[in-house]
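K.L.:
So I've got this file, run.pdb, and it contains PDB, C-alpha atoms:
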```pdb
MODEL        1
ATOM      1  CA  MET R 165      15.329 -14.298   9.008
ATOM      2  CA  SER R 166      19.017 -14.482   9.740
ATOM      3  CA  GLU R 167      20.370 -11.523   7.771
ATOM      4  CA  PRO R 168      22.132  -9.245  10.276
ATOM      5  CA  GLY R 169      20.164  -6.083  10.991
ATOM      6  CA  LEU R 170      17.794  -6.570   8.062
ATOM      7  CA  ALA R 171      14.800  -8.437   9.479
ATOM      8  CA  GLU R 172      14.563  -5.991  12.395
ATOM      9  CA  ARG R 173      14.051  -3.124   9.945
ATOM     10  CA  LEU R 174      11.185  -4.813   8.115
ATOM     11  CA  LEU R 175       7.672  -5.912   8.949
ATOM     12  CA  THR R 176       6.786  -9.535   9.422
ATOM     13  CA  PRO R 177       4.388 -10.838   6.777
ATOM     14  CA  GLU R 178       1.699 -10.999   9.486
ATOM     15  CA  GLN R 179       2.238  -7.352  10.461
ATOM     16  CA  ALA R 180       2.095  -6.291   6.815
ATOM     17  CA  ALA R 181      -1.086  -8.284   6.137
ATOM     18  CA  ALA R 182      -2.816  -6.580   9.072
ATOM     19  CA  ILE R 183      -2.294  -3.115   7.558
ATOM     20  CA  GLU R 184      -5.396  -1.849   5.837
ATOM     21  CA  SER R 185      -5.079  -0.841   2.209
ATOM     22  CA  ARG R 186      -7.376  -0.577  -0.776
ATOM     23  CA  GLY R 187      -7.536  -2.876  -3.729
ATOM     24  CA  GLY R 188      -9.815  -5.659  -4.812
ATOM     25  CA  THR R 189      -7.176  -7.997  -6.223
ATOM     26  CA  ASP R 190      -4.239  -9.299  -4.195
ATOM     27  CA  ALA R 191      -0.836  -9.368  -5.834
ATOM     28  CA  ALA R 192       2.689  -9.767  -4.510
ATOM     29  CA  VAL R 193       6.142  -8.608  -5.547
ATOM     30  CA  LEU R 194       9.616  -9.722  -4.549
ATOM     31  CA  LEU R 195      12.280  -7.202  -3.617
ATOM     32  CA  ALA R 196      15.321  -9.389  -4.229
ATOM     33  CA  LEU R 197      18.106  -7.719  -2.263
ATOM     34  CA  TYR R 198      21.701  -8.698  -2.951
ATOM     35  CA  GLY R 199      25.005  -7.627  -1.368
ATOM     36  CA  TRP R 200      23.517  -6.937   2.074
ATOM     37  CA  PRO R 201      24.896  -5.231   4.110
ATOM     38  CA  GLU R 202      28.191  -4.257   2.437
ATOM     39  CA  ASP R 203      27.028  -3.115  -1.011
ATOM     40  CA  PRO R 204      23.272  -3.710  -1.311
ATOM     41  CA  GLY R 205      21.298  -3.598  -4.518
ATOM     42  CA  LEU R 206      17.957  -4.706  -5.929
ATOM     43  CA  ILE R 207      16.818  -6.775  -8.876
ATOM     44  CA  LEU R 208      14.080  -5.175 -10.985
ATOM     45  CA  THR R 209      12.561  -5.809 -14.382
ATOM     46  CA  GLU R 210      11.778  -3.699 -17.399
ATOM     47  CA  ARG R 211       8.489  -4.940 -18.801
ATOM     48  CA  ARG R 212       8.054  -5.427 -22.526
ATOM     49  CA  ALA R 213       6.887  -2.317 -24.378
ATOM     50  CA  ASP R 214       4.086  -4.143 -26.193
ATOM     51  CA  LEU R 215       2.251  -5.444 -23.120
ATOM     52  CA  ARG R 216      -1.357  -4.430 -22.490
ATOM     53  CA  ARG R 217      -0.692  -3.483 -18.837
ATOM     54  CA  HIS R 218       2.320  -1.639 -17.440
ATOM     55  CA  ALA R 219       4.066  -1.677 -20.822
ATOM     56  CA  GLY R 220       7.724  -0.657 -20.619
ATOM     57  CA  GLU R 221       7.538   0.079 -16.897
ATOM     58  CA  ILE R 222      10.228  -0.757 -14.366
ATOM     59  CA  SER R 223       8.891  -3.038 -11.654
ATOM     60  CA  PHE R 224       9.720  -5.702  -9.130
ATOM     61  CA  PRO R 225       9.007  -9.266 -10.228
ATOM     62  CA  GLY R 226       5.476 -10.103  -9.184
ATOM     63  CA  GLY R 227       1.849 -10.498 -10.067
ATOM     64  CA  ARG R 228      -1.608 -11.690  -9.066
ATOM     65  CA  GLN R 229      -2.121 -14.420  -6.528
ATOM     66  CA  ASP R 230      -3.090 -17.735  -8.121
ATOM     67  CA  PRO R 231      -5.491 -20.160  -6.419
ATOM     68  CA  GLY R 232      -2.646 -22.699  -6.056
ATOM     69  CA  ASP R 233      -0.372 -20.282  -4.159
ATOM     70  CA  ALA R 234      -0.069 -21.220  -0.483
ATOM     71  CA  ASP R 235       0.123 -17.536   0.475
ATOM     72  CA  LEU R 236       1.217 -14.183  -0.923
ATOM     73  CA  ALA R 237       4.899 -14.874  -0.218
ATOM     74  CA  ALA R 238       4.547 -17.961  -2.428
ATOM     75  CA  THR R 239       2.990 -15.712  -5.086
ATOM     76  CA  ALA R 240       5.997 -13.382  -5.026
ATOM     77  CA  LEU R 241       8.433 -16.294  -5.295
ATOM     78  CA  ARG R 242       6.466 -18.020  -8.074
ATOM     79  CA  GLU R 243       6.205 -14.816 -10.092
ATOM     80  CA  ALA R 244       9.940 -14.109  -9.717
ATOM     81  CA  GLU R 245      10.664 -17.600 -10.999
ATOM     82  CA  GLU R 246       8.248 -17.172 -13.933
ATOM     83  CA  GLU R 247       9.472 -13.693 -14.880
ATOM     84  CA  ILE R 248      13.246 -13.893 -14.381
ATOM     85  CA  ALA R 249      14.015 -17.571 -13.613
ATOM     86  CA  LEU R 250      14.916 -16.795  -9.993
ATOM     87  CA  ASP R 251      14.870 -20.134  -8.179
ATOM     88  CA  PRO R 252      12.706 -19.787  -5.035
ATOM     89  CA  ALA R 253      15.274 -21.919  -3.165
ATOM     90  CA  ALA R 254      17.865 -19.181  -3.853
ATOM     91  CA  VAL R 255      15.789 -16.597  -1.938
ATOM     92  CA  SER R 256      15.864 -16.152   1.820
ATOM     93  CA  LEU R 257      12.687 -14.259   2.728
ATOM     94  CA  VAL R 258      13.455 -11.840   5.558
ATOM     95  CA  GLY R 259      10.368  -9.673   5.850
ATOM     96  CA  ALA R 260       7.682  -7.581   4.233
ATOM     97  CA  LEU R 261       6.660  -3.989   3.621
ATOM     98  CA  THR R 262       3.355  -2.147   3.818
ATOM     99  CA  PRO R 263       0.868  -3.241   1.129
ATOM    100  CA  VAL R 264       0.460  -0.639  -1.625
ATOM    101  CA  SER R 265      -2.678   0.078  -3.630
ATOM    102  CA  THR R 266      -2.553   0.736  -7.337
ATOM    103  CA  PHE R 267      -4.758   3.571  -8.500
ATOM    104  CA  VAL R 268      -5.627   2.471 -12.017
ATOM    105  CA  THR R 269      -5.782  -1.327 -11.763
ATOM    106  CA  GLY R 270      -7.173  -1.651  -8.223
ATOM    107  CA  TYR R 271      -4.562  -4.079  -6.946
ATOM    108  CA  ARG R 272      -3.390  -4.486  -3.371
ATOM    109  CA  VAL R 273       0.320  -5.230  -3.813
ATOM    110  CA  HIS R 274       2.095  -7.062  -0.997
ATOM    111  CA  PRO R 275       5.887  -6.499  -1.106
ATOM    112  CA  PHE R 276       8.176  -9.212   0.276
ATOM    113  CA  VAL R 277      11.897  -8.693   0.848
ATOM    114  CA  GLY R 278      14.318 -11.534   0.325
ATOM    115  CA  THR R 279      18.073 -11.775   0.078
ATOM    116  CA  VAL R 280      19.800 -13.461  -2.836
ATOM    117  CA  ALA R 281      23.346 -14.078  -4.039
ATOM    118  CA  ASN R 282      25.040 -11.718  -6.439
ATOM    119  CA  PRO R 283      22.815 -11.611  -9.552
ATOM    120  CA  ARG R 284      25.765 -12.694 -11.754
ATOM    121  CA  GLU R 285      25.741 -15.997  -9.867
ATOM    122  CA  LEU R 286      22.000 -16.578 -10.330
ATOM    123  CA  ALA R 287      21.734 -17.064 -14.128
ATOM    124  CA  LEU R 288      18.659 -14.851 -14.337
ATOM    125  CA  GLU R 289      16.774 -14.966 -17.639
ATOM    126  CA  PRO R 290      13.939 -12.623 -18.602
ATOM    127  CA  ASN R 291      10.746 -14.402 -19.656
ATOM    128  CA  PRO R 292      10.375 -13.101 -23.233
ATOM    129  CA  ALA R 293       6.568 -13.067 -22.932
ATOM    130  CA  GLU R 294       6.676 -10.461 -20.137
ATOM    131  CA  VAL R 295      10.113  -9.052 -19.400
ATOM    132  CA  GLU R 296      12.392  -7.083 -21.702
ATOM    133  CA  THR R 297      15.384  -6.857 -19.350
ATOM    134  CA  VAL R 298      16.498  -7.839 -15.857
ATOM    135  CA  LEU R 299      17.944  -4.771 -14.117
ATOM    136  CA  THR R 300      20.217  -4.523 -11.085
ATOM    137  CA  PHE R 301      20.744  -1.226  -9.279
ATOM    138  CA  SER R 302      22.650  -0.458  -6.101
ATOM    139  CA  LEU R 303      20.621   1.129  -3.311
ATOM    140  CA  GLU R 304      23.059   4.046  -3.426
ATOM    141  CA  LEU R 305      22.251   4.763  -7.083
ATOM    142  CA  LEU R 306      18.547   4.423  -6.400
ATOM    143  CA  ARG R 307      18.742   6.917  -3.520
ATOM    144  CA  GLU R 308      20.684   9.356  -5.701
ATOM    145  CA  GLY R 309      18.075   9.036  -8.464
ATOM    146  CA  TYR R 310      15.142  10.183  -6.314
ATOM    147  CA  ALA R 311      13.082  13.186  -7.369
ATOM    148  CA  MET R 312       9.490  14.361  -7.132
ATOM    149  CA  ARG R 313       8.259  14.769 -10.705
ATOM    150  CA  ARG R 314       5.162  15.837 -12.549
ATOM    151  CA  LEU R 315       4.165  13.037 -14.904
ATOM    152  CA  VAL R 316       1.184  12.885 -17.222
ATOM    153  CA  ARG R 317      -0.505   9.490 -17.329
ATOM    154  CA  ARG R 318      -3.626   8.892 -19.413
ATOM    155  CA  GLY R 319      -3.956  12.647 -19.784
ATOM    156  CA  VAL R 320      -3.918  13.266 -16.037
ATOM    157  CA  PRO R 321      -0.998  15.153 -14.459
ATOM    158  CA  ILE R 322       0.321  13.598 -11.259
ATOM    159  CA  HIS R 323       2.985  14.776  -8.834
ATOM    160  CA  THR R 324       4.752  11.626  -7.738
ATOM    161  CA  PRO R 325       7.985  10.243  -6.296
ATOM    162  CA  THR R 326      10.310   8.833  -8.948
ATOM    163  CA  TYR R 327      13.745   7.276  -9.193
ATOM    164  CA  GLU R 328      15.795   7.654 -12.344
ATOM    165  CA  VAL R 329      18.810   5.399 -12.703
ATOM    166  CA  GLU R 330      20.809   4.784 -15.873
ATOM    167  CA  GLY R 331      17.908   5.998 -18.033
ATOM    168  CA  ALA R 332      15.309   3.851 -16.240
ATOM    169  CA  LEU R 333      12.397   5.759 -14.656
ATOM    170  CA  ILE R 334      10.806   4.091 -11.649
ATOM    171  CA  TRP R 335       7.448   5.553 -10.617
ATOM    172  CA  GLY R 336       4.012   4.523  -9.362
ATOM    173  CA  ALA R 337       3.565   1.633  -6.956
ATOM    174  CA  THR R 338       7.138   0.459  -7.552
ATOM    175  CA  ALA R 339       8.498   3.869  -6.489
ATOM    176  CA  ARG R 340       6.274   3.937  -3.404
ATOM    177  CA  ILE R 341       7.440   0.457  -2.383
ATOM    178  CA  LEU R 342      11.060   1.401  -3.041
ATOM    179  CA  ALA R 343      10.694   4.576  -0.946
ATOM    180  CA  GLU R 344       9.565   2.556   2.075
ATOM    181  CA  LEU R 345      12.415   0.074   1.669
ATOM    182  CA  LEU R 346      15.028   2.814   1.388
ATOM    183  CA  GLU R 347      13.594   4.580   4.433
ATOM    184  CA  ARG R 348      13.632   1.381   6.499
ATOM    185  CA  LEU R 349      17.200   0.559   5.459
ATOM    186  CA  ALA R 350      18.603   4.092   5.917
TER
ENDMDL
END
```
Just give me the structure as structure tokens.
P.N.:
Amino acid sequence: MSEPGLAERLLTPEQAAAIESRGGTDAAVLLALYGWPEDPGLILTERRADLRRHAGEISFPGGRQDPGDADLAATALREAEEEIALDPAAVSLVGALTPVSTFVTGYRVHPFVGTVANPRELALEPNPAEVETVLTFSLELLREGYAMRRLVRRGVPIHTPTYEVEGALIWGATARILAELLERLA
């Protein structure tokens, strides 16, 4: 946790794990932060449109914890490697955020923040079975793209925080996780 001023703004994984949240299935995501502190940005994914769950959504690399994962941080790193070929050795984990519950799927998502080199230096490749595109957005653009919106999902209207950047709409658990990160880094 050597990134100047970053670790102090985040939770430790132990602090995050102690926060109560709903969800019957543990999952983890990686917020891969690059350019800190001069020009920070995040790596996200656009999921394939033909997937059964979260089709076409913008998300952080991540997924369910596997029995072989040492802990949830290992889950986040493994999933990032599987989804976008991000080498776990290229990530310096610096902290965590509050776990977030998903309303429809019943997951308890544990967000981990790690710093990485500039994405152009990482040779990221989307896994064609899951990911349509690897996206990179500056934190400044993400902040500018914030709006509360009324969305209709499965016939139910919801009023929710969203971020729209370069035609990509970030909402749901990803938007809630992003909101906490942006608040902590402001």
K.L.:
Which residue is closest to R:Ala182? Choose from R:Gly319, R:Pro263, R:Pro290, R:Pro275 and count all atoms listed in the file.
P.N.:
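With all atoms listed in the file as the atom set, the closest residue is R:Pro263.
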K.L.:
Skip R:Leu236 itself and residues of its chain fewer than 6 positions away, then list as an NGL selection string all residues within 12 Å of it, counting all atoms listed in the file.
P.N.:
:R and (177-178 or 180-181 or 189-194 or 226-230 or 242-243 or 260 or 263 or 272-276)
K.L.:
Can you give me, as a PyMOL selection string, the residues this file yields under the PyMOL selection byres ((chain R and resi 341) around 8)?
P.N.:
chain R and resi 261-262+264+275+337-340+342-345
K.L.:
Can you turn the PyMOL selection byres ((chain R and resi 301) around 6) into a concrete residue list for this file, as a list of chain:residue names?
P.N.:
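Selected by the PyMOL selection byres ((chain R and resi 301) around 6) here: R:Gly205, R:Leu206, R:Thr300, R:Ser302.
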K.L.:
Could you list, as number ranges by chain, every residue matched by the PyMOL selection byres ((chain R and resi 307) around 10) in this structure?
P.N.:
R: 302-306, 308-311, 327-329, 342-343, 346-347, 350
K.L.:
Env of R:Leu315: 12 Å cut, atoms = only C-alpha atoms, seq-sep filter 5 positions within chain, self excluded. Answer as a PDB file with C-alpha atoms, keeping the file's coordinate frame.
P.N.:
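So the final result, stored in out_22.pdb, reads:
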```pdb
ATOM      1  CA  VAL R 320      -3.918  13.266 -16.037  1.00  0.00           C
ATOM      2  CA  PRO R 321      -0.998  15.153 -14.459  1.00  0.00           C
ATOM      3  CA  ILE R 322       0.321  13.598 -11.259  1.00  0.00           C
ATOM      4  CA  HIS R 323       2.985  14.776  -8.834  1.00  0.00           C
ATOM      5  CA  THR R 324       4.752  11.626  -7.738  1.00  0.00           C
ATOM      6  CA  PRO R 325       7.985  10.243  -6.296  1.00  0.00           C
ATOM      7  CA  THR R 326      10.310   8.833  -8.948  1.00  0.00           C
ATOM      8  CA  LEU R 333      12.397   5.759 -14.656  1.00  0.00           C
ATOM      9  CA  ILE R 334      10.806   4.091 -11.649  1.00  0.00           C
ATOM     10  CA  TRP R 335       7.448   5.553 -10.617  1.00  0.00           C
ATOM     11  CA  GLY R 336       4.012   4.523  -9.362  1.00  0.00           C
TER      12      GLY R 336
END
```
K.L.:
Residues near stretch 249-253 of chain R, anyone? I mean within 6 Å using only C-alpha atoms, not counting same-chain ones fewer than 6 positions away, as a PyMOL selection string.
P.N.:
chain R and resi 241+288-289
K.L.:
Between atom CA of R:Ala171 and atom CA of R:Gly232, measure the distance and give it in Å to one decimal.
P.N.:
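For atom CA of R:Ala171 relative to atom CA of R:Gly232, the distance reads 27.4 Å.
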K.L.:
Counting all atoms listed in the file, which of R:Glu246, R:Gly199, R:Asp233, R:Ser185 gets nearest to R:Pro283?
P.N.:
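Using all atoms listed in the file, R:Pro283 sits closest to R:Gly199.
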K.L.:
Using Å and a single decimal, report how far atom CA of R:Phe224 sits from atom CA of R:Glu330.
P.N.:
16.7 Å
K.L.:
Do you know which residues lie at most 6 Å from (19.9, -11.6, -3.0), with coordinates as in the file and only C-alpha atoms counted, and could you write them as a ChimeraX atom specification?
P.N.:
/R:196-198,279-281
K.L.:
At what distance in Å, to one decimal, does atom CA of R:Thr239 lie from atom CA of R:Thr209?
P.N.:
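Atom CA of R:Thr239 lies 16.6 Å from atom CA of R:Thr209.
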K.L.:
Name the closest residue to R:Gly259 among the candidates R:Arg284, R:Glu245, R:Gly278, R:Pro225; distances are taken between atoms, counting all atoms listed in the file.
P.N.:
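Looking at the shortest contact to R:Gly259, the residue is R:Gly278.
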K.L.:
Here is a test: counting all atoms listed in the file, which residue of R:Val277, R:Arg313, R:Ala287, R:Glu296 is nearest to R:Arg173?
P.N.:
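Distance minimum relative to R:Arg173 lands on R:Val277.
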K.L.:
Quick one: residues within 10 Å of R:Ala293, only C-alpha atoms counted, chain neighbours fewer than 3 positions away excluded, as number ranges by chain?
P.N.:
R: 211-212, 214-215, 247, 290, 296
